[in-house]
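Source file: model09.txt (compact mmCIF, C-alpha atoms and all ligand atoms)
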# COMPACT_ATOMS: atom_id res chain seq x y z
CA MET X 1 1.69 -12.34 23.33
CA ASP X 2 5.00 -13.46 21.92
CA ILE X 3 5.53 -14.22 18.31
CA ALA X 4 6.06 -17.93 18.11
CA GLU X 5 8.06 -18.14 14.96
CA LYS X 6 9.87 -16.09 12.44
CA SER X 7 9.22 -16.66 8.80
CA THR X 8 10.89 -14.93 5.89
CA GLU X 9 9.84 -17.57 3.44
CA GLN X 10 7.17 -17.28 0.83
CA GLU X 11 3.90 -17.69 2.68
CA GLU X 12 1.36 -20.40 2.17
CA LEU X 13 -2.22 -19.30 2.66
CA GLY X 14 -3.35 -22.51 4.27
CA ALA X 15 -7.00 -21.58 4.55
CA SER X 16 -7.36 -20.92 0.86
CA GLY X 17 -5.05 -23.73 -0.20
CA ILE X 18 -3.00 -21.39 -2.33
CA ASP X 19 0.57 -22.29 -3.06
CA ASP X 20 2.29 -18.94 -3.16
CA VAL X 21 5.73 -20.12 -4.11
CA GLN X 22 4.69 -20.63 -7.65
CA ILE X 23 1.40 -19.55 -9.10
CA GLU X 24 0.22 -22.15 -11.55
CA ALA X 25 -1.05 -20.76 -14.83
CA GLU X 26 -4.36 -21.78 -16.27
CA GLU X 27 -4.10 -23.83 -19.45
CA ARG X 28 -4.86 -21.63 -22.38
CA ARG X 29 -4.99 -21.61 -26.15
CA ASP X 30 -2.63 -19.31 -27.98
CA ASP X 31 -5.45 -17.41 -29.60
CA ASP X 32 -7.23 -16.73 -26.29
CA VAL X 33 -7.85 -13.07 -25.84
CA ASP X 34 -7.73 -12.12 -22.19
CA LEU X 35 -8.65 -8.52 -21.92
CA ALA X 36 -9.36 -6.87 -18.64
CA PHE X 37 -12.82 -7.61 -17.46
CA GLY X 38 -13.17 -6.17 -17.86
CA ASP X 39 -8.91 13.27 21.34
CA ASP X 40 -5.41 13.71 20.85
CA SER X 41 -6.01 17.45 21.03
CA ALA X 42 -2.30 17.98 21.53
CA SER X 43 -1.60 16.15 18.29
CA TYR X 44 -0.10 18.05 15.44
CA THR X 45 -3.40 17.94 13.66
CA THR X 46 -4.80 20.38 11.19
CA SER X 47 -8.55 20.82 11.14
CA LEU X 48 -10.41 20.75 7.87
CA LYS X 49 -9.90 24.18 6.43
CA SER X 50 -9.22 25.70 3.07
CA SER X 51 -5.44 25.39 3.21
CA ILE X 52 -5.76 21.62 3.12
CA THR X 53 -8.67 21.35 0.72
CA ASN X 54 -7.39 23.92 -1.75
CA TYR X 55 -6.20 21.04 -3.88
CA ILE X 56 -3.59 21.32 -6.62
CA GLN X 57 -4.60 20.58 -10.22
CA GLU X 58 -1.97 19.13 -12.55
CA ASN X 59 -2.35 17.39 -15.90
CA GLY X 60 -6.07 17.03 -15.29
CA ARG X 61 -5.60 15.28 -11.93
CA ARG X 62 -6.13 16.57 -8.38
CA TYR X 63 -3.38 16.45 -5.73
CA HIS X 64 -3.15 17.08 -1.98
CA ALA X 65 -2.65 20.68 -0.78
CA PHE X 66 -1.24 20.12 2.71
CA LYS X 67 2.54 19.72 2.27
CA ASP X 68 2.08 20.38 -1.43
CA GLY X 69 4.38 18.23 -3.55
CA ALA X 70 5.25 15.76 -0.79
CA TYR X 71 3.39 12.87 -2.40
CA PHE X 72 3.18 11.79 -6.03
CA LEU X 73 -0.26 10.18 -6.34
CA PRO X 74 -3.47 12.17 -6.91
CA ASN X 75 -6.28 12.25 -4.36
CA ASP X 76 -9.22 12.61 -6.78
CA GLU X 77 -12.16 10.24 -7.02
CA ALA X 78 -10.56 8.06 -9.67
CA GLU X 79 -7.57 7.47 -7.40
CA GLN X 80 -9.82 6.88 -4.40
CA ASP X 81 -11.68 4.20 -6.37
CA ARG X 82 -8.34 2.59 -7.23
CA LEU X 83 -7.28 2.63 -3.56
CA ASP X 84 -10.53 0.98 -2.50
CA LEU X 85 -9.98 -1.70 -5.14
CA PHE X 86 -6.42 -2.12 -3.92
CA HIS X 87 -7.74 -2.51 -0.38
CA HIS X 88 -9.85 -5.37 -1.64
CA ILE X 89 -6.86 -6.97 -3.40
CA MET X 90 -4.60 -6.72 -0.35
CA THR X 91 -7.15 -8.07 2.11
CA LEU X 92 -8.09 -10.90 -0.26
CA ARG X 93 -4.42 -11.79 -0.59
CA CYS X 94 -4.19 -11.92 3.21
CA ASP X 95 -7.07 -14.40 3.24
CA ASP X 96 -9.68 -11.74 3.97
CA LYS X 97 -7.80 -10.49 7.02
CA LEU X 98 -7.34 -6.81 7.79
CA HIS X 99 -4.10 -7.56 9.60
CA LEU X 100 -1.81 -10.49 10.30
CA ALA X 101 -0.35 -9.35 13.64
CA PRO X 102 -2.06 -11.30 16.44
CA ILE X 103 -3.49 -8.28 18.23
CA ALA X 104 -5.79 -8.72 21.23
CA PRO X 105 -9.56 -8.82 20.58
CA ASP X 106 -10.00 -5.99 23.10
CA THR X 107 -7.35 -3.81 21.50
CA GLN X 108 -7.79 -0.19 22.65
CA ARG X 109 -5.84 2.25 20.51
CA VAL X 110 -5.08 1.79 16.80
CA LEU X 111 -3.19 4.17 14.49
CA ASP X 112 -3.42 3.90 10.70
CA LEU X 113 -0.61 5.80 8.97
CA GLY X 114 -1.47 7.26 5.55
CA THR X 115 -5.04 5.97 5.74
CA GLY X 116 -6.04 6.99 2.19
CA THR X 117 -9.81 6.64 1.78
CA GLY X 118 -9.98 5.34 5.35
CA ILE X 119 -11.55 2.07 4.27
CA TRP X 120 -9.18 -0.04 6.39
CA ALA X 121 -9.61 2.15 9.48
CA ILE X 122 -13.40 2.04 9.18
CA MET X 123 -13.42 -1.74 8.86
CA MET X 124 -11.04 -2.02 11.83
CA GLY X 125 -13.36 0.17 13.88
CA GLU X 126 -16.23 -2.18 13.04
CA GLU X 127 -14.20 -5.31 13.78
CA TYR X 128 -12.78 -3.94 17.05
CA PRO X 129 -15.58 -2.00 18.75
CA SER X 130 -13.39 -1.67 21.85
CA ALA X 131 -10.79 0.28 19.90
CA GLU X 132 -10.38 3.93 19.11
CA VAL X 133 -9.03 3.97 15.56
CA VAL X 134 -7.17 7.07 14.35
CA GLY X 135 -6.29 7.39 10.67
CA ASN X 136 -4.00 10.14 9.42
CA ASP X 137 -3.27 11.38 5.93
CA LEU X 138 -2.07 14.39 3.95
CA SER X 139 -5.48 14.45 2.25
CA PRO X 140 -8.82 14.85 4.06
CA VAL X 141 -10.66 12.63 1.59
CA GLN X 142 -12.13 10.19 4.12
CA PRO X 143 -15.90 10.01 4.56
CA GLY X 144 -17.61 12.01 7.30
CA LEU X 145 -20.04 9.28 8.25
CA VAL X 146 -17.92 6.73 10.10
CA PRO X 147 -18.30 4.47 13.15
CA PRO X 148 -18.13 6.48 16.39
CA ASN X 149 -14.80 4.88 17.35
CA VAL X 150 -13.06 5.98 14.13
CA ARG X 151 -11.66 9.41 13.37
CA PHE X 152 -9.39 10.96 10.80
CA GLU X 153 -6.73 13.64 10.98
CA VAL X 154 -4.76 15.58 8.43
CA ASP X 155 -1.17 15.04 9.37
CA ASP X 156 2.26 14.30 7.97
CA MET X 157 3.41 11.00 9.44
CA GLU X 158 7.02 12.07 8.90
CA GLU X 159 6.64 15.04 11.25
CA GLU X 160 7.19 14.69 14.99
CA TRP X 161 4.22 12.80 16.49
CA VAL X 162 2.63 14.41 19.53
CA TYR X 163 -0.09 11.91 20.42
CA SER X 164 -0.95 12.11 24.09
CA SER X 165 -0.81 8.35 24.66
CA PRO X 166 0.73 5.38 22.85
CA PHE X 167 -1.05 2.81 20.68
CA ASP X 168 -1.68 -0.93 21.01
CA TYR X 169 -1.31 -1.36 17.28
CA ILE X 170 0.22 0.85 14.57
CA HIS X 171 -0.50 -0.02 10.96
CA GLY X 172 0.93 1.38 7.74
CA ARG X 173 -0.15 -0.07 4.42
CA TYR X 174 1.17 0.78 0.97
CA PRO X 175 2.93 4.10 1.57
CA ALA X 176 5.30 3.20 -1.32
CA GLY X 177 6.95 6.31 -2.71
CA ALA X 178 5.70 8.46 0.17
CA ILE X 179 8.35 8.16 2.84
CA ARG X 180 11.69 9.99 2.96
CA GLU X 181 13.12 8.51 6.17
CA TRP X 182 11.83 5.02 6.85
CA PRO X 183 14.16 4.33 9.82
CA ALA X 184 12.99 7.57 11.50
CA LEU X 185 9.35 6.60 10.88
CA MET X 186 9.97 3.20 12.45
CA ARG X 187 11.62 4.81 15.49
CA GLN X 188 8.55 7.02 15.98
CA ALA X 189 6.34 3.97 15.64
CA TYR X 190 8.42 2.26 18.33
CA ARG X 191 8.15 5.24 20.69
CA PHE X 192 4.38 5.39 20.22
CA THR X 193 3.71 1.65 20.62
CA LYS X 194 2.68 0.49 24.09
CA PRO X 195 4.97 -2.10 25.68
CA GLY X 196 3.72 -5.44 24.30
CA GLY X 197 1.91 -3.66 21.45
CA TRP X 198 2.25 -4.41 17.74
CA VAL X 199 3.28 -2.74 14.50
CA GLU X 200 2.45 -3.95 11.02
CA PHE X 201 3.60 -2.59 7.68
CA GLN X 202 2.50 -3.84 4.30
CA ASP X 203 4.04 -2.79 1.00
CA PHE X 204 5.26 -3.83 -2.43
CA THR X 205 8.15 -4.34 -4.71
CA MET X 206 7.62 -2.32 -7.90
CA LYS X 207 9.29 -4.77 -10.26
CA PHE X 208 7.22 -7.40 -11.99
CA TYR X 209 8.49 -10.89 -12.69
CA THR X 210 7.28 -14.20 -14.00
CA THR X 211 8.04 -17.79 -13.11
CA ASN X 212 6.89 -19.47 -16.34
CA GLY X 213 5.54 -16.74 -18.58
CA GLU X 214 6.93 -14.64 -21.40
CA TYR X 215 7.59 -11.51 -19.33
CA ARG X 216 11.12 -10.32 -19.99
CA ASP X 217 13.38 -7.56 -18.68
CA GLY X 218 13.29 -4.67 -21.11
CA CYS X 219 9.63 -5.02 -22.12
CA SER X 220 7.44 -1.90 -21.87
CA ALA X 221 6.06 -2.82 -18.44
CA ASP X 222 9.55 -3.50 -17.13
CA LYS X 223 10.87 -0.17 -18.43
CA TRP X 224 7.86 1.54 -16.86
CA THR X 225 8.83 0.24 -13.42
CA ASP X 226 12.44 1.32 -14.03
CA GLU X 227 11.28 4.83 -14.85
CA ILE X 228 9.06 5.05 -11.74
CA ILE X 229 11.85 3.66 -9.54
CA ALA X 230 14.39 6.13 -10.95
CA GLY X 231 11.96 9.02 -10.46
CA MET X 232 11.20 8.11 -6.87
CA LYS X 233 14.88 7.81 -6.08
CA THR X 234 15.46 11.27 -7.57
CA ILE X 235 12.92 12.77 -5.18
CA GLY X 236 14.39 10.83 -2.25
CA ARG X 237 11.58 8.35 -1.75
CA GLU X 238 12.01 4.60 -1.37
CA PRO X 239 10.25 3.01 -4.34
CA GLU X 240 10.30 -0.58 -3.08
CA PRO X 241 9.85 -0.62 0.70
CA GLY X 242 8.41 -4.15 0.87
CA PRO X 243 11.63 -6.21 1.14
CA LYS X 244 13.21 -3.70 3.54
CA LEU X 245 10.40 -3.53 6.09
CA GLU X 246 11.74 -6.37 8.22
CA ALA X 247 15.18 -4.81 8.71
CA TRP X 248 13.76 -1.34 9.44
CA ILE X 249 11.34 -2.74 12.02
CA LYS X 250 14.11 -4.77 13.66
CA ASP X 251 16.51 -1.82 13.75
CA ALA X 252 13.87 0.29 15.54
CA GLY X 253 13.93 -2.15 18.49
CA PHE X 254 10.97 -4.45 17.84
CA PHE X 255 11.66 -8.17 18.24
CA ASN X 256 10.88 -11.40 16.37
CA VAL X 257 9.75 -9.75 13.17
CA VAL X 258 7.50 -11.92 11.04
CA HIS X 259 7.91 -11.20 7.34
CA LYS X 260 5.64 -12.80 4.75
CA VAL X 261 5.76 -12.44 0.98
CA PHE X 262 2.64 -12.81 -1.13
CA PRO X 263 3.04 -12.91 -4.92
CA VAL X 264 0.16 -11.04 -6.55
CA PRO X 265 -0.69 -11.98 -10.16
CA VAL X 266 -1.60 -9.36 -12.75
CA GLY X 267 -4.40 -10.70 -14.95
CA THR X 268 -6.57 -13.78 -15.04
CA TRP X 269 -3.83 -16.21 -16.02
CA PRO X 270 -3.61 -18.21 -12.74
CA ASN X 271 -5.33 -21.55 -12.53
CA ASN X 272 -6.36 -21.11 -8.90
CA ARG X 273 -9.80 -19.50 -8.69
CA LYS X 274 -8.96 -17.07 -5.88
CA LEU X 275 -5.68 -15.99 -7.47
CA LYS X 276 -7.46 -15.58 -10.80
CA GLN X 277 -9.92 -13.21 -9.08
CA ILE X 278 -7.11 -11.31 -7.34
CA GLY X 279 -5.24 -11.09 -10.65
CA ALA X 280 -8.33 -9.74 -12.43
CA PHE X 281 -8.74 -7.02 -9.79
CA ASP X 282 -5.02 -6.22 -9.92
CA LEU X 283 -5.12 -5.88 -13.70
CA VAL X 284 -8.06 -3.47 -13.45
CA GLN X 285 -6.23 -1.58 -10.70
CA PHE X 286 -3.16 -1.17 -12.89
CA LEU X 287 -5.12 -0.23 -16.01
CA ASP X 288 -7.05 2.38 -14.00
CA GLY X 289 -4.00 3.54 -12.08
CA LEU X 290 -1.24 3.67 -14.70
CA GLU X 291 -1.87 7.34 -15.39
CA SER X 292 -2.16 8.37 -11.74
CA ILE X 293 0.97 6.45 -10.79
CA SER X 294 2.95 7.82 -13.73
CA LEU X 295 2.03 11.45 -14.36
CA ARG X 296 3.82 13.36 -11.59
CA ILE X 297 6.93 11.19 -11.77
CA PHE X 298 7.21 11.04 -15.56
CA THR X 299 6.41 14.70 -16.28
CA GLY X 300 7.60 16.43 -13.10
CA VAL X 301 10.72 14.40 -12.39
CA ARG X 302 11.74 12.49 -15.51
CA GLY X 303 11.03 15.27 -18.00
CA TRP X 304 8.47 13.54 -20.22
CA ARG X 305 5.65 15.43 -21.90
CA LYS X 306 2.12 14.36 -20.94
CA GLU X 307 1.38 13.19 -24.51
CA GLU X 308 4.55 11.07 -24.55
CA VAL X 309 3.54 9.47 -21.29
CA GLN X 310 0.11 8.61 -22.63
CA VAL X 311 1.52 6.98 -25.76
CA TYR X 312 4.00 5.01 -23.68
CA LEU X 313 1.35 3.87 -21.23
CA SER X 314 -0.65 2.35 -24.06
CA GLN X 315 2.31 0.00 -24.67
CA VAL X 316 2.51 -0.81 -20.97
CA ARG X 317 -1.21 -1.63 -20.97
CA LYS X 318 -0.64 -4.14 -23.77
CA ASP X 319 1.94 -5.97 -21.65
CA LEU X 320 -0.31 -5.93 -18.62
CA MET X 321 -3.19 -7.39 -20.62
CA ASN X 322 -1.08 -10.10 -22.27
CA PRO X 323 -1.82 -13.32 -20.37
CA ARG X 324 1.22 -15.02 -21.84
CA MET X 325 3.41 -12.65 -19.82
CA GLN X 326 2.09 -14.20 -16.58
CA MET X 327 3.17 -11.15 -14.64
CA GLN X 328 3.23 -10.93 -10.88
CA HIS X 329 4.67 -8.68 -8.21
CA ASN X 330 5.34 -9.19 -4.53
CA PHE X 331 3.33 -7.90 -1.59
CA HIS X 332 5.22 -7.89 1.71
CA VAL X 333 3.71 -7.98 5.18
CA ALA X 334 5.95 -7.48 8.21
CA TYR X 335 4.74 -7.33 11.79
CA SER X 336 6.38 -7.32 15.15
CA GLN X 337 5.94 -6.64 18.84
CA LYS X 338 7.49 -4.16 21.23
CA PRO X 339 9.01 -5.84 24.27
CA ALA X 340 6.54 -5.85 27.17
CA TYR X 341 9.16 -4.37 29.54
C1 LIG X 401 -1.15 4.41 -1.72
S1 LIG X 401 -2.07 5.22 -0.53
C2 LIG X 401 -2.50 3.92 0.62
C3 LIG X 401 -3.70 4.25 1.42
C4 LIG X 401 -4.09 3.25 2.53
N1 LIG X 401 -3.02 3.06 3.50
C5 LIG X 401 -4.51 1.94 1.96
O1 LIG X 401 -3.74 0.97 2.06
O2 LIG X 401 -5.61 1.86 1.39
C6 LIG X 401 -0.87 6.14 0.40
C7 LIG X 401 -1.52 7.22 1.26
O3 LIG X 401 -0.50 7.79 2.08
C8 LIG X 401 -0.76 9.18 2.16
N2 LIG X 401 0.51 9.85 2.50
C9 LIG X 401 1.59 10.01 1.71
N3 LIG X 401 2.58 10.62 2.38
C10 LIG X 401 2.10 10.86 3.64
C11 LIG X 401 2.64 11.48 4.81
N4 LIG X 401 3.88 11.98 4.80
N5 LIG X 401 1.87 11.56 5.91
C12 LIG X 401 0.59 11.07 5.90
N6 LIG X 401 0.03 10.46 4.83
C13 LIG X 401 0.77 10.37 3.71
C14 LIG X 401 -1.30 9.56 0.80
O4 LIG X 401 -2.00 10.78 0.83
C15 LIG X 401 -2.14 8.34 0.48
O5 LIG X 401 -3.47 8.52 0.90
Would it be possible to restate this file's structure as structure tokens?
Amino acid sequence: MDIAEKSTEQEELGASGIDDVQIEAEERRDDDVDLAFGDDSASYTTSLKSSITNYIQENGRRYHAFKDGAYFLPNDEAEQDRLDLFHHIMTLRCDDKLHLAPIAPDTQRVLDLGTGTGIWAIMMGEEYPSAEVVGNDLSPVQPGLVPPNVRFEVDDMEEEWVYSSPFDYIHGRYPAGAIREWPALMRQAYRFTKPGGWVEFQDFTMKFYTTNGEYRDGCSADKWTDEIIAGMKTIGREPEPGPKLEAWIKDAGFFNVVHKVFPVPVGTWPNNRKLKQIGAFDLVQFLDGLESISLRIFTGVRGWRKEEVQVYLSQVRKDLMNPRMQMQHNFHVAYSQKPAY
């Protein structure tokens, strides 16, 4: 199926009636307090053994063991809960869709790069019973009890892929800060996509912004993103892949890339009921995740002490919880098709 149109504009979620160009804030009184409410056997695959489950402990958090140090986020239960919440946020923002690429209902082979808890892969397996869904990750934290057409592998997506046959659909969501060589990853994705098959990548911009709120450059939350961005650049990882996905996909040889941008609010300040719900979840996600996102970068790369980080994060939390800031950040979805011949 050909992609009918290319869109790099801010997306309108027609079905939910949400105007994404500008999120309208709910009317509020100044004294309102708005706290968080609350068998590719030939694949380069490592079986579950101690070398990959002998996790690294740092600053009270647990990190992956396979390719130790390659990735900055923990893999402990707290982080897994955050990822599952983030899954909910991202699918809600895509109008409850697991993907936007128009893949065939009888899709056969699906690859999920950096699958995390595997929640997306499991739901895809349920939605596409015809498909074999393979999810890979540095961490073997996915559940054992999964649909029979879903399986997980410990693998480094940046290594040479040796899958025995190509995929109908390759998906990579939110690997921000994980990837060293995006163009090389996209070229591998191209090689391993069947002719006429699809790729879809979804990711963020780190920086927050506001359209009508009091958020300003230089506030604690803004400086926090600067620090994370600087740290990721130091370790050679792209901190803000979202806006670059389209160009990388195009350069790899895919055609008619569709690129959509979804602003995601932080907090309950939007007027629109669905965006208010998404914003509430996103606020919780940030409050829960600030420490996990920050610790390795701030202490290991930027030279902060753990105690300093914790004090600083309390200021960032205040910004995040301040509804007058009307903070949002952008979620990018880019999908495209490999020529059929
Ligand atoms: C932020 S999480 C996103 C998880 C999942 N894609 C989702 O959207 O729920 C990024 C995941 O990528 C994995 N990851 C990071 N670098 C990787 C690599 N080089 N190869 C495979 N997985 C990687 C991490 O272990 C983590 O589970």
Next on the checklist: Quick one: residues within 10 Å of segment 73-77 of chain X, only C-alpha atoms, excluding same-chain residues fewer than 6 positions away - as a ChimeraX atom specification?
Outcome noted: /X:55-58,61-65,83,116-117,138-141,177-178,289,291-297
Using all atoms listed in the file, find each residue of chain X with at least one atom at most 6 Å away from an atom of ligand LIG 401 (chain X); report its shortest atom-to-atom pair and that distance in Å (one decimal), sort the rows by chain and rising residue number, and return the result as JSON lines.
{"residue": "X:Tyr71", "atom": "CA", "partner": "X:LIG401", "partner_atom": "C9", "distance": 5.3}
{"residue": "X:Leu83", "atom": "CA", "partner": "X:LIG401", "partner_atom": "O2", "distance": 5.3}
{"residue": "X:His87", "atom": "CA", "partner": "X:LIG401", "partner_atom": "O2", "distance": 5.2}
{"residue": "X:Gly114", "atom": "CA", "partner": "X:LIG401", "partner_atom": "N6", "distance": 3.6}
{"residue": "X:Thr115", "atom": "CA", "partner": "X:LIG401", "partner_atom": "N1", "distance": 4.2}
{"residue": "X:Gly116", "atom": "CA", "partner": "X:LIG401", "partner_atom": "O5", "distance": 3.3}
{"residue": "X:Asn136", "atom": "CA", "partner": "X:LIG401", "partner_atom": "C12", "distance": 5.9}
{"residue": "X:Asp137", "atom": "CA", "partner": "X:LIG401", "partner_atom": "N6", "distance": 3.6}
{"residue": "X:Leu138", "atom": "CA", "partner": "X:LIG401", "partner_atom": "N6", "distance": 4.5}
{"residue": "X:Ser139", "atom": "CA", "partner": "X:LIG401", "partner_atom": "O4", "distance": 5.3}
{"residue": "X:Asp155", "atom": "CA", "partner": "X:LIG401", "partner_atom": "C12", "distance": 5.6}
{"residue": "X:Asp156", "atom": "CA", "partner": "X:LIG401", "partner_atom": "N5", "distance": 3.5}
{"residue": "X:Met157", "atom": "CA", "partner": "X:LIG401", "partner_atom": "N5", "distance": 3.9}
{"residue": "X:Glu158", "atom": "CA", "partner": "X:LIG401", "partner_atom": "N4", "distance": 5.2}
{"residue": "X:Arg173", "atom": "CA", "partner": "X:LIG401", "partner_atom": "N1", "distance": 4.3}
{"residue": "X:Tyr174", "atom": "CA", "partner": "X:LIG401", "partner_atom": "C2", "distance": 4.8}
{"residue": "X:Pro175", "atom": "CA", "partner": "X:LIG401", "partner_atom": "C6", "distance": 4.5}
{"residue": "X:Ala178", "atom": "CA", "partner": "X:LIG401", "partner_atom": "N3", "distance": 4.4}
Checklist entry - If you count all atoms listed in the file, which residues fall within 10 Å of Pro147 of chain X, apart from same-chain ones fewer than 6 positions away, as a list in words? => result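 Counting only the stated atoms, we get Ala121, Ile122, Met123, Met124, Gly125, Glu126, Pro129, Glu132 and Val133 of chain X.
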Item to check | d(atom CA of Trp198 of chain X, atom CA of Pro102 of chain X) in Å | outcome: 8.2 Å
Item to check | Option closest in space to Ile235 of chain X, from X:Phe262, X:Trp248, X:Tyr341, X:Phe298 [counting all atoms listed in the file] | outcome: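 Of the candidates, the smallest distance to Ile235 of chain X is held by X:Phe298.
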Centre and edge lengths, as AutoDock Vina command-line options, for the axis-aligned box enclosing every listed atom of segment 297-314 of chain X with 5 Å of padding on each of the six sides, in Å to one decimal?
--center_x 5.5 --center_y 9.4 --center_z -18.8 --size_x 22.4 --size_y 24.1 --size_z 24.0
Counting all atoms listed in the file, what are the residues of segment 46-159 of chain X within 9 Å of segment 200-209 of chain X, and for each of them which pair of atoms is the nearest and at what distance in Å, to one decimal? Sort the table by chain and rising number, as a Markdown table.
| residue | atom | partner | partner_atom | distance |
| --- | --- | --- | --- | --- |
| X:Met90 | CA | X:Gln202 | CA | 9.0 |
| X:His99 | CA | X:Glu200 | CA | 7.6 |
| X:Leu100 | CA | X:Glu200 | CA | 7.8 |
| X:Ala101 | CA | X:Glu200 | CA | 6.6 |
Checklist entry - What's the 9 Å shell around Lys274 of chain X, counting all atoms listed in the file, without same-chain residues fewer than 2 positions away, as a PyMOL selection string? => result chain X and resi 16+18+92-93+270-272+276-279
Checklist entry - What is the atom CA of Lys260 of chain X-atom CA of Arg191 of chain X distance in Å, reported with one decimal? => result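 It comes out at 24.2 Å.
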Checklist entry - Using all atoms listed in the file, which of X:Gln80, X:Pro263, X:Leu98, X:Leu145 sits nearest Leu275 of chain X? => result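 The closest residue to Leu275 of chain X is X:Pro263.
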Next on the checklist: If I take atom CA of Ala25 of chain X and atom CA of Trp269 of chain X, how far is one from the other in Å, to one decimal?
Outcome noted: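 That distance, rounded to one decimal, is 5.5 Å.
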Wanna dump the segment 106-185 of chain X-segment 317-335 of chain X contacts at 12 Å for me, each residue with its shortest atom pair and the distance in Å to one decimal, counting all atoms listed in the file, ordered by chain and number, as a Markdown table?
| residue | atom | partner | partner_atom | distance |
| --- | --- | --- | --- | --- |
| X:Tyr169 | CA | X:Tyr335 | CA | 10.1 |
| X:Ile170 | CA | X:Tyr335 | CA | 9.8 |
| X:His171 | CA | X:Tyr335 | CA | 9.0 |
| X:Gly172 | CA | X:Val333 | CA | 10.1 |
| X:Arg173 | CA | X:Val333 | CA | 8.8 |
| X:Tyr174 | CA | X:Phe331 | CA | 9.3 |
| X:Ala176 | CA | X:Phe331 | CA | 11.3 |
